[in-house]
Amino acid sequence: MLWKLWDILTGYLKDSPWGRALQPFLFVVVAGIVAEVFAYEFVRTQYGFSPDLRVFLLSYFSVRIAIVTGALLALLLLLRLEPRPDARPEPGRVAAFYRRNRRSIFYKAGVTLLIGTCTAVGFLVRSPSRVSHITVRFMGLPENVRGEALAYIIYELNRPQRQWHFDVDYAPFNELVLTSGEKERCSSDPQPLLCYTEQMAAGRGPVIAITDRPLNGAYFATHRGTASVITTADSGSYAPLTAYEYLAYTIVVQSVLLHLDMNGGLPPDAFAPRSSSTGDVFQFAPDRATLKSTILAAKLSPEEESLIFNRFGPEYLGVCANLISLDWLYSARVRTNLSKVFGVSLSR
């Protein structure tokens with residue numbers, strides 16, 4: 001189809017006086033369109049994710065192709081506007097040729113260097129960020145949660161991805177390791193458990209702590225910088241879903257939040273209070289009763305997809321969408337392992 005379009009356009013341009021001059025520019029534009037199509041198919045087949053067209057066109061994949069296309073168009077245009085030589089070059093006289101054409105030579109070299117530099121800067125600006133590994137720390141589990149079963153679920157989170165992984169730290173948190181200044185600061189913090197988690201994260205990367213103690217002013221989880229705390233204290237809000245399903249979902253969401261916070265921050269309207277909800281991951285839940293619905297129908301909005309795609313790339317986005325859906329948790333293999341090895345049954 002694209003070749004037919006090319007034949008039609010070139011056939012039309014042949015009959016116009018300026019057709020030959022436009023053909024190189026038209027070729028670059030068509031090549032850019034073909035590259036966009038192939039890039040979209042690459043993302044779809046390689047990462048198992050079919051982004052919305054708007055999401056893809058705003059992604060770094062598409063923008064990089066547009067940058068290269070624009071650079072080639074600019075290079076063609078500027079080189080056609082090069083200054084004319086002062087005089088005809090004398091055959092066989094390299095030095096004479098250089099003297100008579102040095103203005104043109106410097107112009108071409110300068111234009112090429114400038115466009116190459118701008119292209120490189122554009123690529124760097126639109127490069128996805130590398131994400132950090134995350135440590136999950138058990139600060140206190142409820143009686144109905146077995147640590148080894150939860151660790152197995154966390155290890156399953158590592159299977160479908162290569163960009164980052166979760167480490168499980170079984171060591172109980174000991175307040176005695178804190179200095180007197182750290183203890184005083186955490187005791188006066190509105191979220192003492194979050195402050196303790198920040199101390200764990202200091203110098204070792206992001207940490208997600210799991211506790212059965214309630215949080216001040218937060219029902220399910222809270223995070224700040226490189227630290228996040230998830231509580232199972234309000235189990236009535238997600239029952240009859242099990243604590244394992246709730247924790248699997250919340251660990252994934254908190255890991256994405258930590259990565260976003262460490263690489264450019266969250267969108268300005270994330271978790272902003274509103275009177276309605278569509279179940280998007282970063283949307284504010286009007287009341288605790290909506291948590292079960294959000295977990296069961298978890299999804300990313302096009303805006304969230306675009307944000308994650310551009311921050312971390314298509315592989316991260318595809319993995320994130322899969323992990324949030326909990327399809328991996330309800331697979332026959334994981335359900336069988338949980339039931340036969342750990343005696344854990346999920347709600348569905």
# chains A, B, ... in the order shown; residues from 1 in each chain; ligands from 1
>>> select_by_dssp(residues="segment 27-246 of chain A", states="alpha helix (DSSP H)", output="ChimeraX atom specification")
/A:27-47,53-57,60-80,94-125,147-158,180-187,192-201,243-246
>>> write_last_selection(atoms="C-alpha atoms", output="short mmCIF file (atom, residue, chain, number, x, y, z; two decimals), in the first residue's frame")
data_model
loop_
_atom_site.label_atom_id
_atom_site.label_comp_id
_atom_site.auth_asym_id
_atom_site.auth_seq_id
_atom_site.Cartn_x
_atom_site.Cartn_y
_atom_site.Cartn_z
CA PHE A 27 11.24 9.89 0.31
CA VAL A 28 12.44 10.77 3.84
CA VAL A 29 8.87 11.49 4.99
CA VAL A 30 7.57 8.18 3.59
CA ALA A 31 10.52 6.33 5.16
CA GLY A 32 9.65 7.94 8.50
CA ILE A 33 6.03 6.78 8.22
CA VAL A 34 7.16 3.24 7.36
CA ALA A 35 9.52 3.28 10.37
CA GLU A 36 6.63 4.36 12.64
CA VAL A 37 4.51 1.44 11.40
CA PHE A 38 7.32 -1.06 11.92
CA ALA A 39 8.06 0.35 15.40
CA TYR A 40 4.41 -0.04 16.41
CA GLU A 41 4.38 -3.64 15.19
CA PHE A 42 7.67 -4.29 17.00
CA VAL A 43 6.23 -3.06 20.31
CA ARG A 44 3.07 -5.11 19.78
CA THR A 45 4.81 -8.37 18.90
CA GLN A 46 7.93 -8.10 21.05
CA TYR A 47 6.33 -6.95 24.31
CA LEU A 53 -2.33 5.13 18.82
CA ARG A 54 -2.15 8.37 20.81
CA VAL A 55 -0.05 6.68 23.48
CA PHE A 56 2.36 5.33 20.87
CA LEU A 57 2.70 8.64 19.00
CA TYR A 60 9.87 7.89 22.98
CA PHE A 61 9.82 5.25 20.20
CA SER A 62 7.72 7.45 17.93
CA VAL A 63 9.38 10.70 18.99
CA ARG A 64 12.85 9.32 18.20
CA ILE A 65 11.74 8.34 14.71
CA ALA A 66 10.28 11.82 14.25
CA ILE A 67 13.56 13.36 15.46
CA VAL A 68 15.59 11.36 12.93
CA THR A 69 13.12 12.17 10.15
CA GLY A 70 13.24 15.87 10.98
CA ALA A 71 17.04 15.79 11.17
CA LEU A 72 17.31 14.23 7.73
CA LEU A 73 14.87 16.76 6.28
CA ALA A 74 16.81 19.63 7.84
CA LEU A 75 20.09 18.20 6.56
CA LEU A 76 18.72 17.94 3.01
CA LEU A 77 17.36 21.46 3.11
CA LEU A 78 20.44 23.12 4.60
CA LEU A 79 22.83 21.33 2.29
CA ARG A 80 20.83 22.50 -0.71
CA VAL A 94 43.44 19.34 -4.26
CA ALA A 95 44.84 22.39 -2.47
CA ALA A 96 43.28 24.76 -4.97
CA PHE A 97 39.97 22.91 -4.68
CA TYR A 98 40.06 23.27 -0.90
CA ARG A 99 40.89 26.98 -1.03
CA ARG A 100 38.07 27.72 -3.45
CA ASN A 101 35.52 25.53 -1.64
CA ARG A 102 36.53 25.76 2.00
CA ARG A 103 33.47 27.88 2.81
CA SER A 104 31.21 25.14 1.42
CA ILE A 105 33.20 22.42 3.19
CA PHE A 106 33.01 24.15 6.57
CA TYR A 107 29.32 24.86 6.02
CA LYS A 108 28.52 21.20 5.31
CA ALA A 109 30.61 19.99 8.24
CA GLY A 110 29.08 22.56 10.60
CA VAL A 111 25.51 21.79 9.53
CA THR A 112 26.08 18.03 9.87
CA LEU A 113 27.67 18.44 13.32
CA LEU A 114 24.87 20.73 14.52
CA ILE A 115 22.08 18.42 13.34
CA GLY A 116 23.88 15.38 14.74
CA THR A 117 24.28 17.07 18.12
CA CYS A 118 20.62 18.12 18.23
CA THR A 119 19.57 14.57 17.32
CA ALA A 120 21.76 13.08 20.06
CA VAL A 121 20.36 15.51 22.64
CA GLY A 122 16.82 14.63 21.54
CA PHE A 123 17.58 10.92 21.96
CA LEU A 124 18.99 11.48 25.44
CA VAL A 125 16.01 13.59 26.51
CA GLY A 147 5.70 -15.52 55.36
CA GLU A 148 6.98 -18.30 53.08
CA ALA A 149 3.77 -18.24 51.01
CA LEU A 150 3.95 -14.47 50.59
CA ALA A 151 7.64 -14.76 49.67
CA TYR A 152 6.72 -17.29 46.98
CA ILE A 153 4.18 -14.83 45.52
CA ILE A 154 6.81 -12.09 45.52
CA TYR A 155 9.27 -14.40 43.75
CA GLU A 156 6.59 -15.06 41.12
CA LEU A 157 6.54 -11.29 40.51
CA ASN A 158 10.14 -11.60 39.34
CA SER A 180 18.69 8.62 69.25
CA GLY A 181 18.21 11.35 66.63
CA GLU A 182 16.54 8.92 64.22
CA LYS A 183 14.25 7.61 66.98
CA GLU A 184 13.24 11.12 67.95
CA ARG A 185 12.58 12.11 64.36
CA CYS A 186 10.44 9.03 63.70
CA SER A 187 8.49 9.34 66.93
CA PRO A 192 6.36 6.57 62.28
CA LEU A 193 6.33 3.28 60.35
CA LEU A 194 7.05 5.13 57.13
CA CYS A 195 9.91 6.95 58.83
CA TYR A 196 11.36 3.62 60.02
CA THR A 197 11.08 2.28 56.47
CA GLU A 198 12.96 5.32 55.19
CA GLN A 199 15.76 4.42 57.59
CA MET A 200 15.82 0.90 56.10
CA ALA A 201 15.94 2.32 52.58
CA ALA A 243 -4.62 -10.95 52.17
CA TYR A 244 -2.35 -12.56 49.56
CA GLU A 245 -4.36 -11.11 46.67
CA TYR A 246 -4.53 -7.73 48.36
#
>>> select_by_dssp(residues="segment 107-341 of chain A", states="strand (DSSP E)", output="number ranges by chain")
A: 134-138, 166-169, 207-211, 221-224, 227-231
>>> write_last_selection(atoms="N, CA and C atoms", output="PDB file, in the first residue's frame")
ATOM      1  N   ILE A 134      13.816  -3.529  44.224  1.00  0.00           N
ATOM      2  CA  ILE A 134      13.040  -3.150  45.408  1.00  0.00           C
ATOM      3  C   ILE A 134      13.130  -4.262  46.451  1.00  0.00           C
ATOM      4  N   THR A 135      13.355  -3.870  47.690  1.00  0.00           N
ATOM      5  CA  THR A 135      13.382  -4.818  48.797  1.00  0.00           C
ATOM      6  C   THR A 135      12.039  -4.803  49.512  1.00  0.00           C
ATOM      7  N   VAL A 136      11.477  -5.987  49.750  1.00  0.00           N
ATOM      8  CA  VAL A 136      10.232  -6.122  50.515  1.00  0.00           C
ATOM      9  C   VAL A 136      10.602  -6.613  51.911  1.00  0.00           C
ATOM     10  N   ARG A 137      10.194  -5.864  52.910  1.00  0.00           N
ATOM     11  CA  ARG A 137      10.560  -6.165  54.308  1.00  0.00           C
ATOM     12  C   ARG A 137       9.302  -6.489  55.107  1.00  0.00           C
ATOM     13  N   PHE A 138       9.314  -7.597  55.843  1.00  0.00           N
ATOM     14  CA  PHE A 138       8.183  -7.983  56.682  1.00  0.00           C
ATOM     15  C   PHE A 138       8.361  -7.355  58.071  1.00  0.00           C
ATOM     16  N   PHE A 166      12.370  -8.069  42.917  1.00  0.00           N
ATOM     17  CA  PHE A 166      12.084  -7.878  44.337  1.00  0.00           C
ATOM     18  C   PHE A 166      12.982  -8.790  45.162  1.00  0.00           C
ATOM     19  N   ASP A 167      13.573  -8.218  46.190  1.00  0.00           N
ATOM     20  CA  ASP A 167      14.291  -9.003  47.195  1.00  0.00           C
ATOM     21  C   ASP A 167      13.417  -9.067  48.440  1.00  0.00           C
ATOM     22  N   VAL A 168      13.400 -10.206  49.095  1.00  0.00           N
ATOM     23  CA  VAL A 168      12.639 -10.369  50.332  1.00  0.00           C
ATOM     24  C   VAL A 168      13.602 -10.386  51.499  1.00  0.00           C
ATOM     25  N   ASP A 169      13.388  -9.488  52.445  1.00  0.00           N
ATOM     26  CA  ASP A 169      14.224  -9.403  53.647  1.00  0.00           C
ATOM     27  C   ASP A 169      13.388  -9.895  54.833  1.00  0.00           C
ATOM     28  N   VAL A 207      12.435   0.520  49.470  1.00  0.00           N
ATOM     29  CA  VAL A 207      11.967  -0.559  50.350  1.00  0.00           C
ATOM     30  C   VAL A 207      10.448  -0.468  50.489  1.00  0.00           C
ATOM     31  N   ILE A 208       9.793  -1.623  50.403  1.00  0.00           N
ATOM     32  CA  ILE A 208       8.369  -1.730  50.713  1.00  0.00           C
ATOM     33  C   ILE A 208       8.250  -2.559  51.985  1.00  0.00           C
ATOM     34  N   ALA A 209       7.680  -1.976  53.022  1.00  0.00           N
ATOM     35  CA  ALA A 209       7.496  -2.672  54.291  1.00  0.00           C
ATOM     36  C   ALA A 209       6.040  -3.104  54.422  1.00  0.00           C
ATOM     37  N   ILE A 210       5.833  -4.295  54.950  1.00  0.00           N
ATOM     38  CA  ILE A 210       4.486  -4.831  55.158  1.00  0.00           C
ATOM     39  C   ILE A 210       4.267  -4.988  56.648  1.00  0.00           C
ATOM     40  N   THR A 211       3.150  -4.466  57.130  1.00  0.00           N
ATOM     41  CA  THR A 211       2.845  -4.491  58.558  1.00  0.00           C
ATOM     42  C   THR A 211       1.372  -4.797  58.768  1.00  0.00           C
ATOM     43  N   ALA A 221      -2.049   1.949  52.313  1.00  0.00           N
ATOM     44  CA  ALA A 221      -0.618   2.110  52.057  1.00  0.00           C
ATOM     45  C   ALA A 221      -0.271   3.581  52.015  1.00  0.00           C
ATOM     46  N   THR A 222       0.986   3.868  52.257  1.00  0.00           N
ATOM     47  CA  THR A 222       1.505   5.227  52.139  1.00  0.00           C
ATOM     48  C   THR A 222       2.948   5.134  51.672  1.00  0.00           C
ATOM     49  N   HIS A 223       3.402   6.125  50.968  1.00  0.00           N
ATOM     50  CA  HIS A 223       4.779   6.095  50.499  1.00  0.00           C
ATOM     51  C   HIS A 223       5.351   7.499  50.488  1.00  0.00           C
ATOM     52  N   ARG A 224       6.667   7.559  50.521  1.00  0.00           N
ATOM     53  CA  ARG A 224       7.376   8.835  50.501  1.00  0.00           C
ATOM     54  C   ARG A 224       8.801   8.570  50.028  1.00  0.00           C
ATOM     55  N   ALA A 227      10.553   4.975  50.130  1.00  0.00           N
ATOM     56  CA  ALA A 227       9.970   4.081  51.128  1.00  0.00           C
ATOM     57  C   ALA A 227       8.460   3.992  50.960  1.00  0.00           C
ATOM     58  N   SER A 228       7.932   2.804  51.227  1.00  0.00           N
ATOM     59  CA  SER A 228       6.495   2.572  51.145  1.00  0.00           C
ATOM     60  C   SER A 228       6.110   1.582  52.238  1.00  0.00           C
ATOM     61  N   VAL A 229       4.933   1.780  52.823  1.00  0.00           N
ATOM     62  CA  VAL A 229       4.428   0.879  53.860  1.00  0.00           C
ATOM     63  C   VAL A 229       3.025   0.421  53.465  1.00  0.00           C
ATOM     64  N   ILE A 230       2.797  -0.886  53.529  1.00  0.00           N
ATOM     65  CA  ILE A 230       1.489  -1.484  53.252  1.00  0.00           C
ATOM     66  C   ILE A 230       0.989  -2.112  54.530  1.00  0.00           C
ATOM     67  N   THR A 231      -0.261  -1.852  54.859  1.00  0.00           N
ATOM     68  CA  THR A 231      -0.846  -2.423  56.074  1.00  0.00           C
ATOM     69  C   THR A 231      -1.998  -3.355  55.735  1.00  0.00           C
TER      70      THR A 231
END
>>> residues_around(residues="Leu296 of chain A", least_positions_apart="5", cutoff="9 Å", atoms="only C-alpha atoms", output="tab-separated table (two decimals) with N, CA and C atoms, in the first residue's frame")
chain	number	residue	atom	x	y	z
A	291	LEU	N	-12.24	-0.67	46.99
A	291	LEU	CA	-10.94	-1.33	46.85
A	291	LEU	C	-11.08	-2.67	46.15
A	325	SER	N	-2.95	-6.77	36.68
A	325	SER	CA	-4.18	-7.53	36.41
A	325	SER	C	-4.33	-8.76	37.30
A	326	LEU	N	-3.22	-9.23	37.91
A	326	LEU	CA	-3.19	-10.43	38.76
A	326	LEU	C	-3.50	-11.71	38.00
>>> closest_residue(among="A:Asn263, A:Ser331, A:Asn322, A:Ser235", to="Arg288 of chain A", atoms="only C-alpha atoms")
A:Ser235
>>> closest_residue(among="A:Thr226, A:Asn337, A:Gln23, A:Ser301", to="Met262 of chain A", atoms="only C-alpha atoms")
A:Thr226
>>> residues_around(residues="Asp261 of chain A", least_positions_apart="3", cutoff="9 Å", atoms="only C-alpha atoms", output="PyMOL selection string")
chain A and resi 224-226+256-258+264-266
>>> residues_around(residues="Gln161 of chain A", least_positions_apart="6", cutoff="12 Å", atoms="only C-alpha atoms", output="PyMOL selection string")
chain A and resi 47+133+155+314-323
>>> atom_distance(atom1="atom CA of Asn310 of chain A", atom2="atom CA of Leu260 of chain A")
11.1 Å
>>> closest_residue(among="A:Leu338, A:Val344, A:Leu329, A:Leu22", to="Pro160 of chain A", atoms="only C-alpha atoms")
A:Leu329
